Structures are given as structure tokens and as C-alpha cells.
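Containing PDB, C-alpha atoms: upload-v4.pdb.
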ATOM      1  CA  MET A   1      72.357-106.018 -10.727
ATOM      2  CA  ALA A   2      69.284-107.974  -9.711
ATOM      3  CA  ILE A   3      69.883-110.941  -7.450
ATOM      4  CA  ARG A   4      68.161-113.147 -10.020
ATOM      5  CA  ASP A   5      70.861-112.162 -12.541
ATOM      6  CA  THR A   6      73.650-113.026 -10.098
ATOM      7  CA  LEU A   7      72.117-116.408  -9.343
ATOM      8  CA  LYS A   8      71.609-117.138 -13.031
ATOM      9  CA  ALA A   9      75.174-116.153 -13.922
ATOM     10  CA  ASN A  10      76.508-118.461 -11.223
ATOM     11  CA  LEU A  11      74.226-121.351 -12.164
ATOM     12  CA  ASP A  12      74.988-121.024 -15.883
ATOM     13  CA  VAL A  13      78.563-121.985 -14.994
ATOM     14  CA  ALA A  14      77.836-124.427 -12.165
ATOM     15  CA  LEU A  15      75.320-126.459 -14.177
ATOM     16  CA  ALA A  16      77.080-126.199 -17.550
ATOM     17  CA  SER A  17      78.135-129.847 -17.613
ATOM     18  CA  SER A  18      75.054-131.238 -15.870
ATOM     19  CA  ASN A  19      71.804-132.644 -17.206
ATOM     20  CA  VAL A  20      69.972-129.409 -16.357
ATOM     21  CA  SER A  21      70.088-126.008 -18.036
ATOM     22  CA  VAL A  22      69.152-122.604 -16.736
ATOM     23  CA  SER A  23      66.450-120.851 -18.694
ATOM     24  CA  SER A  24      66.679-117.118 -19.216
ATOM     25  CA  GLU A  25      62.886-116.944 -19.398
ATOM     26  CA  LEU A  26      60.665-116.201 -16.446
ATOM     27  CA  PRO A  27      58.408-119.035 -15.242
ATOM     28  CA  TYR A  28      55.274-117.733 -16.923
ATOM     29  CA  ASN A  29      52.285-119.825 -17.932
ATOM     30  CA  SER A  30      52.010-120.984 -21.518
ATOM     31  CA  GLY A  31      48.865-122.787 -22.641
ATOM     32  CA  GLY A  32      47.619-122.894 -19.057
ATOM     33  CA  GLU A  33      50.733-124.623 -17.771
ATOM     34  CA  PRO A  34      53.838-123.127 -16.223
ATOM     35  CA  LEU A  35      56.951-123.365 -18.377
ATOM     36  CA  TYR A  36      58.831-125.375 -15.769
ATOM     37  CA  PHE A  37      56.240-128.153 -16.066
ATOM     38  CA  LYS A  38      56.353-128.087 -19.828
ATOM     39  CA  ASN A  39      60.110-128.011 -20.086
ATOM     40  CA  MET A  40      61.586-130.533 -17.723
ATOM     41  CA  LYS A  41      65.252-130.268 -16.789
ATOM     42  CA  TYR A  42      65.217-126.474 -17.193
ATOM     43  CA  LEU A  43      65.680-124.358 -14.119
ATOM     44  CA  TYR A  44      63.499-121.228 -14.121
ATOM     45  CA  LEU A  45      64.199-118.302 -11.844
ATOM     46  CA  ASP A  46      61.453-115.838 -11.006
ATOM     47  CA  GLU A  47      61.947-112.093 -10.619
ATOM     48  CA  ASP A  48      63.250-110.538  -7.382
ATOM     49  CA  ASN A  49      60.577-109.889  -4.778
ATOM     50  CA  ILE A  50      61.722-107.042  -2.573
ATOM     51  CA  GLU A  51      60.417-106.014   0.829
ATOM     52  CA  LYS A  52      61.807-103.041   2.717
ATOM     53  CA  THR A  53      61.084-102.552   6.405
ATOM     54  CA  GLU A  54      62.389-100.140   9.011
ATOM     55  CA  LEU A  55      64.800-101.909  11.345
ATOM     56  CA  PHE A  56      65.511 -98.768  13.382
ATOM     57  CA  ASN A  57      63.106 -95.885  13.132
ATOM     58  CA  ASN A  58      65.208 -92.899  14.160
ATOM     59  CA  LEU A  59      64.121 -89.497  15.395
ATOM     60  CA  ASP A  60      65.927 -87.719  12.543
ATOM     61  CA  ASN A  61      64.162 -89.954   9.994
ATOM     62  CA  ASN A  62      67.582 -91.296   9.047
ATOM     63  CA  ASP A  63      66.241 -94.814   9.429
ATOM     64  CA  VAL A  64      68.044 -98.129   9.096
ATOM     65  CA  ILE A  65      66.241-100.126   6.435
ATOM     66  CA  GLN A  66      66.126-103.885   6.168
ATOM     67  CA  THR A  67      65.839-105.099   2.587
ATOM     68  CA  GLU A  68      64.632-108.639   2.133
ATOM     69  CA  THR A  69      64.829-110.077  -1.363
ATOM     70  CA  GLY A  70      63.207-113.345  -2.347
ATOM     71  CA  VAL A  71      63.811-115.272  -5.547
ATOM     72  CA  THR A  72      62.031-118.513  -6.368
ATOM     73  CA  GLY A  73      63.508-121.156  -8.645
ATOM     74  CA  TYR A  74      61.605-124.028 -10.255
ATOM     75  CA  LEU A  75      62.940-127.224 -11.728
ATOM     76  CA  SER A  76      60.899-130.229 -12.812
ATOM     77  CA  VAL A  77      62.266-133.617 -13.755
ATOM     78  CA  ASP A  78      60.786-136.964 -14.735
ATOM     79  CA  ALA A  79      59.732-138.521 -11.448
ATOM     80  CA  LYS A  80      60.256-142.014 -12.839
ATOM     81  CA  ASN A  81      63.698-141.350 -14.301
ATOM     82  CA  PRO A  82      65.300-138.352 -12.597
ATOM     83  CA  PRO A  83      68.713-137.311 -13.915
ATOM     84  CA  GLY A  84      71.547-139.346 -12.426
ATOM     85  CA  ASP A  85      73.271-136.204 -11.197
ATOM     86  CA  ILE A  86      70.180-134.668  -9.559
ATOM     87  CA  ASP A  87      71.769-134.601  -6.098
ATOM     88  CA  THR A  88      74.723-132.608  -7.394
ATOM     89  CA  ILE A  89      72.398-130.314  -9.317
ATOM     90  CA  VAL A  90      70.281-129.610  -6.237
ATOM     91  CA  SER A  91      73.403-129.014  -4.171
ATOM     92  CA  ASP A  92      74.807-126.615  -6.805
ATOM     93  CA  ILE A  93      71.536-124.691  -6.942
ATOM     94  CA  ILE A  94      71.405-124.332  -3.164
ATOM     95  CA  THR A  95      75.084-123.341  -3.030
ATOM     96  CA  SER A  96      74.533-120.651  -5.667
ATOM     97  CA  ARG A  97      73.093-118.434  -2.918
ATOM     98  CA  LEU A  98      76.691-117.835  -1.784
ATOM     99  CA  ALA A  99      77.452-116.097  -5.093
ATOM    100  CA  VAL A 100      75.330-113.179  -3.918
ATOM    101  CA  THR A 101      77.602-110.872  -1.935
ATOM    102  CA  GLY A 102      76.825-108.049   0.466
ATOM    103  CA  GLN A 103      73.919-109.891   2.074
ATOM    104  CA  PRO A 104      74.457-110.982   5.702
ATOM    105  CA  THR A 105      71.622-113.498   5.401
ATOM    106  CA  ARG A 106      71.641-115.881   2.422
ATOM    107  CA  ASP A 107      69.101-118.657   2.870
ATOM    108  CA  CYS A 108      67.717-121.253   0.491
ATOM    109  CA  GLU A 109      64.864-123.584   1.296
ATOM    110  CA  MET A 110      64.196-126.456  -1.089
ATOM    111  CA  THR A 111      60.912-128.357  -1.261
ATOM    112  CA  THR A 112      59.722-131.107  -3.583
ATOM    113  CA  GLU A 113      56.305-131.953  -4.898
ATOM    114  CA  ILE A 114      55.103-134.701  -7.215
ATOM    115  CA  ASP A 115      52.491-133.840  -9.822
ATOM    116  CA  ALA A 116      51.518-136.692 -12.153
ATOM    117  CA  ASP A 117      54.803-138.054 -13.515
ATOM    118  CA  ARG A 118      56.780-134.919 -12.722
ATOM    119  CA  LEU A 119      58.865-134.158  -9.697
ATOM    120  CA  LEU A 120      58.981-130.430  -9.014
ATOM    121  CA  TYR A 121      61.794-128.859  -7.032
ATOM    122  CA  THR A 122      61.084-125.407  -5.654
ATOM    123  CA  PHE A 123      63.973-123.302  -4.355
ATOM    124  CA  ASN A 124      63.090-120.329  -2.172
ATOM    125  CA  PHE A 125      66.090-118.046  -1.929
ATOM    126  CA  ASN A 126      65.982-115.372   0.748
ATOM    127  CA  PHE A 127      68.508-112.552   1.135
ATOM    128  CA  ILE A 128      68.562-109.874   3.797
ATOM    129  CA  THR A 129      70.689-106.768   3.930
ATOM    130  CA  PHE A 130      70.626-103.498   5.874
ATOM    131  CA  ASN A 131      71.411 -99.917   4.938
TER     132      ASN A 131
ATOM    133  CA  MET B   1      48.969 -74.875  23.791
ATOM    134  CA  ALA B   2      49.906 -77.655  21.424
ATOM    135  CA  ILE B   3      51.392 -81.084  21.387
ATOM    136  CA  ILE B   4      54.916 -81.447  20.046
ATOM    137  CA  ASN B   5      54.918 -83.918  17.196
ATOM    138  CA  VAL B   6      58.403 -85.068  16.229
ATOM    139  CA  SER B   7      57.472 -87.228  13.237
ATOM    140  CA  ALA B   8      58.889 -84.743  10.708
ATOM    141  CA  GLY B   9      62.352 -85.814  11.851
ATOM    142  CA  SER B  10      63.808 -82.422  12.768
ATOM    143  CA  GLU B  11      62.244 -81.675  16.166
ATOM    144  CA  ALA B  12      63.878 -83.959  18.726
ATOM    145  CA  VAL B  13      67.543 -82.999  18.445
ATOM    146  CA  LEU B  14      70.584 -83.141  20.706
ATOM    147  CA  PHE B  15      73.579 -80.865  20.207
ATOM    148  CA  LEU B  16      76.798 -81.463  22.116
ATOM    149  CA  GLY B  17      79.902 -79.320  22.389
ATOM    150  CA  ASP B  18      82.917 -78.690  24.586
ATOM    151  CA  SER B  19      81.569 -75.248  25.489
ATOM    152  CA  GLU B  20      78.183 -73.609  25.816
ATOM    153  CA  ALA B  21      78.818 -71.707  22.609
ATOM    154  CA  ASN B  22      79.699 -74.810  20.592
ATOM    155  CA  ALA B  23      76.694 -76.732  21.912
ATOM    156  CA  ASN B  24      74.405 -73.974  20.622
ATOM    157  CA  ILE B  25      71.392 -75.629  19.046
ATOM    158  CA  ALA B  26      71.323 -72.974  16.334
ATOM    159  CA  GLY B  27      75.062 -73.200  15.679
ATOM    160  CA  SER B  28      77.219 -75.456  13.555
ATOM    161  CA  ASP B  29      80.389 -76.055  15.598
ATOM    162  CA  GLY B  30      79.024 -78.795  17.868
ATOM    163  CA  LEU B  31      77.911 -82.351  17.293
ATOM    164  CA  SER B  32      74.301 -82.910  16.297
ATOM    165  CA  VAL B  33      73.843 -86.499  17.489
ATOM    166  CA  PRO B  34      72.619 -88.454  14.474
ATOM    167  CA  ARG B  35      70.352 -91.514  14.284
ATOM    168  CA  MET B  36      68.827 -91.323  17.746
ATOM    169  CA  SER B  37      66.195 -94.015  18.217
ATOM    170  CA  ASP B  38      64.875 -92.459  21.413
ATOM    171  CA  ILE B  39      65.821 -89.873  24.001
ATOM    172  CA  THR B  40      64.709 -89.412  27.597
ATOM    173  CA  LEU B  41      65.443 -86.431  29.811
ATOM    174  CA  ASN B  42      65.223 -87.272  33.494
ATOM    175  CA  ASN B  43      64.676 -84.613  36.109
ATOM    176  CA  SER B  44      64.111 -86.820  39.102
ATOM    177  CA  THR B  45      63.905 -85.071  42.428
ATOM    178  CA  GLY B  46      64.539 -86.975  45.594
ATOM    179  CA  VAL B  47      61.959 -86.897  48.396
ATOM    180  CA  PHE B  48      62.492 -86.648  52.142
ATOM    181  CA  ARG B  49      59.468 -87.776  54.170
ATOM    182  CA  PHE B  50      58.882 -87.156  57.817
ATOM    183  CA  LYS B  51      56.129 -87.701  60.380
ATOM    184  CA  THR B  52      55.014 -85.334  63.120
ATOM    185  CA  LEU B  53      52.874 -86.039  66.163
ATOM    186  CA  ASP B  54      50.305 -83.396  65.210
ATOM    187  CA  ASN B  55      49.663 -84.774  61.703
ATOM    188  CA  THR B  56      47.874 -87.907  60.512
ATOM    189  CA  ALA B  57      49.812 -88.096  57.260
ATOM    190  CA  GLU B  58      53.460 -87.936  56.290
ATOM    191  CA  SER B  59      54.926 -84.660  55.185
ATOM    192  CA  ALA B  60      57.360 -84.465  52.289
ATOM    193  CA  VAL B  61      59.992 -82.140  50.967
ATOM    194  CA  THR B  62      61.908 -82.574  47.757
ATOM    195  CA  THR B  63      65.653 -82.865  47.677
ATOM    196  CA  PRO B  64      67.997 -81.917  44.818
ATOM    197  CA  ALA B  65      67.209 -83.612  41.532
ATOM    198  CA  THR B  66      69.216 -86.212  39.697
ATOM    199  CA  ASN B  67      69.386 -84.977  36.120
ATOM    200  CA  GLN B  68      70.218 -87.319  33.327
ATOM    201  CA  ILE B  69      69.776 -87.670  29.571
ATOM    202  CA  THR B  70      69.516 -91.187  28.201
ATOM    203  CA  LEU B  71      69.283 -92.122  24.560
ATOM    204  CA  ASN B  72      69.780 -95.018  22.205
ATOM    205  CA  VAL B  73      71.542 -94.439  18.921
ATOM    206  CA  VAL B  74      72.502 -96.381  15.846
ATOM    207  CA  VAL B  75      76.265 -95.989  15.810
ATOM    208  CA  ASP B  76      77.526 -93.490  13.260
ATOM    209  CA  ASP B  77      81.297 -93.843  12.875
ATOM    210  CA  ALA B  78      82.025 -90.110  12.757
ATOM    211  CA  ALA B  79      79.775 -89.288  15.712
ATOM    212  CA  PHE B  80      80.999 -92.221  17.791
ATOM    213  CA  PHE B  81      84.739 -92.129  17.086
ATOM    214  CA  GLY B  82      85.078 -88.500  16.071
ATOM    215  CA  THR B  83      86.438 -86.839  13.000
ATOM    216  CA  GLY B  84      89.963 -86.253  14.312
ATOM    217  CA  ALA B  85      90.913 -82.630  13.882
ATOM    218  CA  ALA B  86      87.907 -80.415  14.562
ATOM    219  CA  VAL B  87      87.033 -77.060  16.094
ATOM    220  CA  ASP B  88      85.167 -78.814  18.881
ATOM    221  CA  THR B  89      86.526 -81.591  21.111
ATOM    222  CA  VAL B  90      83.240 -83.505  21.053
ATOM    223  CA  VAL B  91      83.213 -83.489  17.253
ATOM    224  CA  GLY B  92      86.909 -84.402  17.161
ATOM    225  CA  THR B  93      86.908 -87.283  19.622
ATOM    226  CA  GLY B  94      83.294 -88.384  19.291
ATOM    227  CA  LEU B  95      81.044 -89.866  21.939
ATOM    228  CA  PHE B  96      83.543 -92.604  22.738
ATOM    229  CA  GLY B  97      86.455 -90.208  23.124
ATOM    230  CA  CYS B  98      84.455 -87.950  25.424
ATOM    231  CA  SER B  99      83.458 -90.911  27.563
ATOM    232  CA  LYS B 100      86.981 -92.331  27.708
ATOM    233  CA  ASN B 101      88.615 -88.952  28.381
ATOM    234  CA  LYS B 102      85.885 -87.888  30.830
ATOM    235  CA  THR B 103      85.406 -84.679  28.893
ATOM    236  CA  ARG B 104      82.741 -82.310  30.173
ATOM    237  CA  VAL B 105      80.159 -81.917  27.444
ATOM    238  CA  TYR B 106      77.650 -79.110  27.125
ATOM    239  CA  PHE B 107      74.298 -79.942  25.610
ATOM    240  CA  ASN B 108      71.241 -78.370  24.062
ATOM    241  CA  ALA B 109      68.340 -80.834  23.861
ATOM    242  CA  GLY B 110      65.745 -79.457  21.486
ATOM    243  CA  PHE B 111      62.083 -80.367  21.783
ATOM    244  CA  GLU B 112      60.752 -78.481  18.772
ATOM    245  CA  GLY B 113      63.612 -78.265  16.312
ATOM    246  CA  THR B 114      66.007 -75.420  15.642
ATOM    247  CA  ASP B 115      63.714 -72.634  14.496
ATOM    248  CA  SER B 116      63.433 -69.364  16.364
ATOM    249  CA  GLY B 117      61.220 -69.679  19.441
ATOM    250  CA  SER B 118      61.714 -73.434  19.805
ATOM    251  CA  LYS B 119      62.128 -74.742  23.350
ATOM    252  CA  PHE B 120      65.225 -76.564  24.525
ATOM    253  CA  LEU B 121      66.934 -77.682  27.714
ATOM    254  CA  SER B 122      70.618 -77.047  28.248
ATOM    255  CA  GLY B 123      73.310 -77.891  30.731
ATOM    256  CA  SER B 124      76.524 -79.844  30.994
ATOM    257  CA  GLY B 125      77.627 -83.228  32.179
ATOM    258  CA  PHE B 126      79.597 -86.317  31.345
ATOM    259  CA  ILE B 127      78.988 -89.112  28.863
ATOM    260  CA  SER B 128      78.734 -92.609  30.282
ATOM    261  CA  GLY B 129      76.912 -95.872  29.713
ATOM    262  CA  LEU B 130      78.217 -96.575  26.229
ATOM    263  CA  ALA B 131      77.626-100.226  25.396
ATOM    264  CA  PRO B 132      77.744-100.788  21.639
ATOM    265  CA  THR B 133      76.188-104.063  20.651
ATOM    266  CA  VAL B 134      75.577-105.945  17.430
ATOM    267  CA  ASN B 135      74.526-109.411  16.320
ATOM    268  CA  MET B 136      73.861-111.160  13.035
ATOM    269  CA  ASP B 137      70.095-110.861  13.375
ATOM    270  CA  SER B 138      70.422-107.131  13.792
ATOM    271  CA  PRO B 139      73.815-106.433  12.201
ATOM    272  CA  VAL B 140      73.945-102.714  12.842
ATOM    273  CA  TRP B 141      75.799-101.345  15.849
ATOM    274  CA  VAL B 142      73.538 -99.697  18.402
ATOM    275  CA  THR B 143      74.469 -98.232  21.756
ATOM    276  CA  PRO B 144      72.839 -96.593  24.737
ATOM    277  CA  VAL B 145      74.300 -93.243  25.766
ATOM    278  CA  THR B 146      73.852 -91.542  29.115
ATOM    279  CA  ILE B 147      74.744 -87.967  29.904
ATOM    280  CA  GLU B 148      75.089 -87.609  33.661
ATOM    281  CA  VAL B 149      74.121 -83.991  34.096
ATOM    282  CA  ASP B 150      76.234 -81.954  36.489
ATOM    283  CA  GLY B 151      73.831 -79.460  38.016
ATOM    284  CA  ASP B 152      70.537 -78.229  36.729
ATOM    285  CA  PHE B 153      68.744 -78.097  33.402
ATOM    286  CA  ALA B 154      68.138 -74.630  32.014
ATOM    287  CA  ASN B 155      64.958 -74.067  30.057
ATOM    288  CA  SER B 156      65.302 -71.669  27.115
ATOM    289  CA  SER B 157      63.916 -70.730  23.735
ATOM    290  CA  ILE B 158      65.949 -70.225  20.589
ATOM    291  CA  ALA B 159      66.394 -66.529  19.929
TER     292      ALA B 159
END

What does this structure look like when you write it as C-alpha cells?
Amino acid sequence: MAIRDTLKANLDVALASSNVSVSSELPYNSGGEPLYFKNMKYLYLDEDNIEKTELFNNLDNNDVIQTETGVTGYLSVDAKNPPGDIDTIVSDIITSRLAVTGQPTRDCEMTTEIDADRLLYTFNFNFITFN
Amino acid sequence: MAIINVSAGSEAVLFLGDSEANANIAGSDGLSVPRMSDITLNNSTGVFRFKTLDNTAESAVTTPATNQITLNVVVDDAAFFGTGAAVDTVVGTGLFGCSKNKTRVYFNAGFEGTDSGSKFLSGSGFISGLAPTVNMDSPVWVTPVTIEVDGDFANSSIA
């Protein structure tokens, strides 16, 4: 199961009674504008970005591989009138990283950016495992 | 004359056993140490230097060598703790058991793999220097291993 799917499944439940919904679509551009700008109050999760590196390069080629998976989430809201429960929503989104099991490192970095009248939240999830 | 390139993953090998026969590099009764990150074979002779009145420079003679094999491995549970019941004590008790029980281990350290004609060094000694370590930034157990060689290395080729 892709990490994006796990995050979405968790957020579907966590945000069910909030002012924000989770879109099943990817954050592609439509009419020259990303969907998350067009559709405010919808959280969009991008596909998994996977990077594999050799943590221990062994002489028998039985290497220990570090797998780093990144998922980016986008949420835009009206900068003038953000939802009243935005703090809880942001907290729930950040906490959703803990729904992903089997990953010793589960980070989430949140940044904000204002574009015209929209406030964009970007969530950079980062997961690291070894095998 | 040729360099020995180990990048194929089957050249640099270390076989351990509780007898010369079990440590045979071409056999299957011993322990083929898995997941070695590096291996070093030390054949370090001592030196005795002396000065004489009829010479302007020191003279030197070598003294018996200290022989040692050092390696770093990613800990494999079967190789480290043993498999329990096994034909060979090293396989049964693992690296940790051999260290704890001070078991004499015989070794074949292959330079060129296990094919006929490949060069290897053999001998026997005792495992020491185990120090498994792990942390959350590198959450895989790794440990150094030292084999303190008792006596000399023998240089052979696989028949």
C-alpha cells in the first residue's frame, strides 16, 4: 500500500467532521492552475516520491538499503476568512504521519505561503525505513 | 598478474568453523560470515633494532608477527547468535557464542571467491572485539569483529 493511500485513509476519518475534505485526485494543473488553488478547503496529496540509497554497502552485495519516501500535501484556504477549525485541521494533518507504520523516521514539515487572497499550506511528509 | 576486484560480491569471503575441515572455503558445514562491510587481514611483524660500533646505521631483524583479522559486519541474527543445533559449533553458537565461550575458530579468508584455484589464507584463533551498536539514525545493528590469530597464516589455493 502506498504511503499516500495510508495518509489519505487516516485523514478521511480525521477530517470527516471538519471544514476541509481530502481529495482523491492528484494535485494536477487544470486550466493553468493547480487544483488546490482552484478548490479551496480540499487537501490534495501528491504521489509517493521514493529514493533508495545504500546505507551499508557489503562485500557480499547483500546491502542494507535506506528507503526514503516523500509525500507532499497541499491545502489552500481563504486568507481573509480561514476556517475556524484550521488549527485543528493542521494538527490532524501533521499527526496523520503517525498512521504510517514500519517507518523509524516519520517527519512532517509544514510551510505557509500567501498568494493573492489564498493561504496555501504545504505539508512535506518524509518517511525513512531500512531493509 | 591481475588485480582482485571484489565488486561482484562473491570474492571477499570468510568461512569459520570449529575444525579445519568445517572451515573449508569450498565446504558447506562452516559459517560463511554474511554482510561484511569490510575485512582487514593483519600480518604485522615486530622489529628489533640494534646499533653496532662498526656501522653508521641501525640494523634490524624482524620478530614474530601479530596476526589478526578485523572486520565490520551488519549483524545477522543467525550468524551472530547461532542457529542452535548444528553440525558445527560456530554455526550453532554464532559469533557471540564463540566469543563468550572462547571457542577456537578455524578460518579460511578467501581473496578471490570459492572457485578452484582461488587464493585464501587460513589459520585459527579466537573471536574478540564484538561491540554491536545501533542508533535511530542508523537503526541497523553493526559490530566490529576481531579474530586474534593463534600462530601463522597459511597461504593456499582452492583445489

What are the centre and the three edge lengths of an axis-aligned box that wraps all atoms of region 139-145 of chain B in the file, given that 5 Å is added to every side, written as JSON and rounded to one decimal in Å?
{"center_x": 74.3, "center_y": -99.8, "center_z": 19.0, "size_x": 13.0, "size_y": 23.2, "size_z": 23.6}

Counting all atoms listed in the file, give me one row per residue of chain B with an atom at most 8 Å from an atom of chain A, showing the shortest contact pair and its distance in Å to one decimal, sorted by chain then residue number, as CSV.
residue,atom,partner,partner_atom,distance
B:Val6,CA,A:Leu59,CA,7.3
B:Ser7,CA,A:Leu59,CA,7.3
B:Ala8,CA,A:Asn61,CA,7.4
B:Gly9,CA,A:Asp60,CA,4.1
B:Ser10,CA,A:Asp60,CA,5.7
B:Glu11,CA,A:Asp60,CA,8.0
B:Ala12,CA,A:Leu59,CA,6.5
B:Val13,CA,A:Asp60,CA,7.7
B:Pro34,CA,A:Asp60,CA,7.0
B:Arg35,CA,A:Asn58,CA,5.3
B:Met36,CA,A:Asn58,CA,5.3
B:Ser37,CA,A:Asn58,CA,4.3
B:Asp38,CA,A:Leu59,CA,6.7
B:Val74,CA,A:Phe56,CA,7.8
B:Met136,CA,A:Pro104,CA,7.4
B:Pro139,CA,A:Phe130,CA,7.7
B:Val140,CA,A:Phe130,CA,7.8

Could you give me, as a ChimeraX atom specification, the residues within 12 Å of region 96-103 of chain B, counting all atoms listed in the file and dropping anything in the same chain fewer than 4 positions from it?
-> /B:16-19,31,75-84,88-92,124-132,143-148

Write the residues of the preceding selection, restricted to C-alpha atoms, as a PDB file, in the coordinates of the input.
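Once written, part_9.pdb looks like this:
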ATOM      1  CA  LEU B  16      76.798 -81.463  22.116  1.00  0.00           C
ATOM      2  CA  GLY B  17      79.902 -79.320  22.389  1.00  0.00           C
ATOM      3  CA  ASP B  18      82.917 -78.690  24.586  1.00  0.00           C
ATOM      4  CA  SER B  19      81.569 -75.248  25.489  1.00  0.00           C
ATOM      5  CA  LEU B  31      77.911 -82.351  17.293  1.00  0.00           C
ATOM      6  CA  VAL B  75      76.265 -95.989  15.810  1.00  0.00           C
ATOM      7  CA  ASP B  76      77.526 -93.490  13.260  1.00  0.00           C
ATOM      8  CA  ASP B  77      81.297 -93.843  12.875  1.00  0.00           C
ATOM      9  CA  ALA B  78      82.025 -90.110  12.757  1.00  0.00           C
ATOM     10  CA  ALA B  79      79.775 -89.288  15.712  1.00  0.00           C
ATOM     11  CA  PHE B  80      80.999 -92.221  17.791  1.00  0.00           C
ATOM     12  CA  PHE B  81      84.739 -92.129  17.086  1.00  0.00           C
ATOM     13  CA  GLY B  82      85.078 -88.500  16.071  1.00  0.00           C
ATOM     14  CA  THR B  83      86.438 -86.839  13.000  1.00  0.00           C
ATOM     15  CA  GLY B  84      89.963 -86.253  14.312  1.00  0.00           C
ATOM     16  CA  ASP B  88      85.167 -78.814  18.881  1.00  0.00           C
ATOM     17  CA  THR B  89      86.526 -81.591  21.111  1.00  0.00           C
ATOM     18  CA  VAL B  90      83.240 -83.505  21.053  1.00  0.00           C
ATOM     19  CA  VAL B  91      83.213 -83.489  17.253  1.00  0.00           C
ATOM     20  CA  GLY B  92      86.909 -84.402  17.161  1.00  0.00           C
ATOM     21  CA  SER B 124      76.524 -79.844  30.994  1.00  0.00           C
ATOM     22  CA  GLY B 125      77.627 -83.228  32.179  1.00  0.00           C
ATOM     23  CA  PHE B 126      79.597 -86.317  31.345  1.00  0.00           C
ATOM     24  CA  ILE B 127      78.988 -89.112  28.863  1.00  0.00           C
ATOM     25  CA  SER B 128      78.734 -92.609  30.282  1.00  0.00           C
ATOM     26  CA  GLY B 129      76.912 -95.872  29.713  1.00  0.00           C
ATOM     27  CA  LEU B 130      78.217 -96.575  26.229  1.00  0.00           C
ATOM     28  CA  ALA B 131      77.626-100.226  25.396  1.00  0.00           C
ATOM     29  CA  PRO B 132      77.744-100.788  21.639  1.00  0.00           C
ATOM     30  CA  THR B 143      74.469 -98.232  21.756  1.00  0.00           C
ATOM     31  CA  PRO B 144      72.839 -96.593  24.737  1.00  0.00           C
ATOM     32  CA  VAL B 145      74.300 -93.243  25.766  1.00  0.00           C
ATOM     33  CA  THR B 146      73.852 -91.542  29.115  1.00  0.00           C
ATOM     34  CA  ILE B 147      74.744 -87.967  29.904  1.00  0.00           C
ATOM     35  CA  GLU B 148      75.089 -87.609  33.661  1.00  0.00           C
TER      36      GLU B 148
END

In Å and to one decimal, CA of Glu58 (chain B) is distant from CA of Leu41 (chain B) by 29.1 Å

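Between CA of Ser116 (chain B) and CA of Ala26 (chain B) the interatomic distance comes to 8.7 Å.
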
Taking the file as shown, find all residues satisfying the PyMOL selection byres ((chain A and resi 126) around 9) and write them as a PyMOL selection string.
-> chain A and resi 68-72+97+105-109+124-125+127-128

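Interatomic distance, CA of Leu35 (chain A) to CA of Glu113 (chain A): 16.0 Å.
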
With a distance cut-off of 10 Å and all atoms listed in the file, select the neighbouring residues of region 5-19 of chain A, excluding the residue or stretch itself and same-chain residues fewer than 2 positions from it, and output the selection as a PyMOL selection string.
-> chain A and resi 1-3+21-24+41-45+47-48+71+73+82-86+88-90+92-101+125

All residues 10 Å or closer to Ile158 (chain B), only C-alpha atoms, same chain fewer than 2 positions away omitted, as number ranges by chain | B: 24-26, 110, 112-120, 156

Near-Phe50 (chain B) list (12 Å; only C-alpha atoms; drop same-chain fewer than 5 positions) as a list of chain:residue names |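 Within the cut-off, the hits are B:Asn55, B:Thr56, B:Ala57, B:Glu58, B:Ser59, B:Ala60, B:Val61, B:Thr62.
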
Explicit residue set for the PyMOL selection byres ((chain B and resi 153) around 12), as a compact mmCIF listing (two decimals) with C-alpha atoms, in the coordinates of the input:
# COMPACT_ATOMS: atom_id res chain seq x y z
CA LEU B 41 65.44 -86.43 29.81
CA ASN B 42 65.22 -87.27 33.49
CA ASN B 43 64.68 -84.61 36.11
CA SER B 44 64.11 -86.82 39.10
CA ALA B 65 67.21 -83.61 41.53
CA THR B 66 69.22 -86.21 39.70
CA ASN B 67 69.39 -84.98 36.12
CA GLN B 68 70.22 -87.32 33.33
CA ILE B 69 69.78 -87.67 29.57
CA TYR B 106 77.65 -79.11 27.12
CA PHE B 107 74.30 -79.94 25.61
CA ASN B 108 71.24 -78.37 24.06
CA ALA B 109 68.34 -80.83 23.86
CA PHE B 120 65.22 -76.56 24.52
CA LEU B 121 66.93 -77.68 27.71
CA SER B 122 70.62 -77.05 28.25
CA GLY B 123 73.31 -77.89 30.73
CA SER B 124 76.52 -79.84 30.99
CA GLY B 125 77.63 -83.23 32.18
CA GLU B 148 75.09 -87.61 33.66
CA VAL B 149 74.12 -83.99 34.10
CA ASP B 150 76.23 -81.95 36.49
CA GLY B 151 73.83 -79.46 38.02
CA ASP B 152 70.54 -78.23 36.73
CA ALA B 154 68.14 -74.63 32.01
CA ASN B 155 64.96 -74.07 30.06
CA SER B 156 65.30 -71.67 27.12

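Residue nearest Tyr28 (chain A), chosen from A:Thr122, A:Ser91, A:Lys52, A:Asp46 and counting all atoms listed in the file: A:Asp46.
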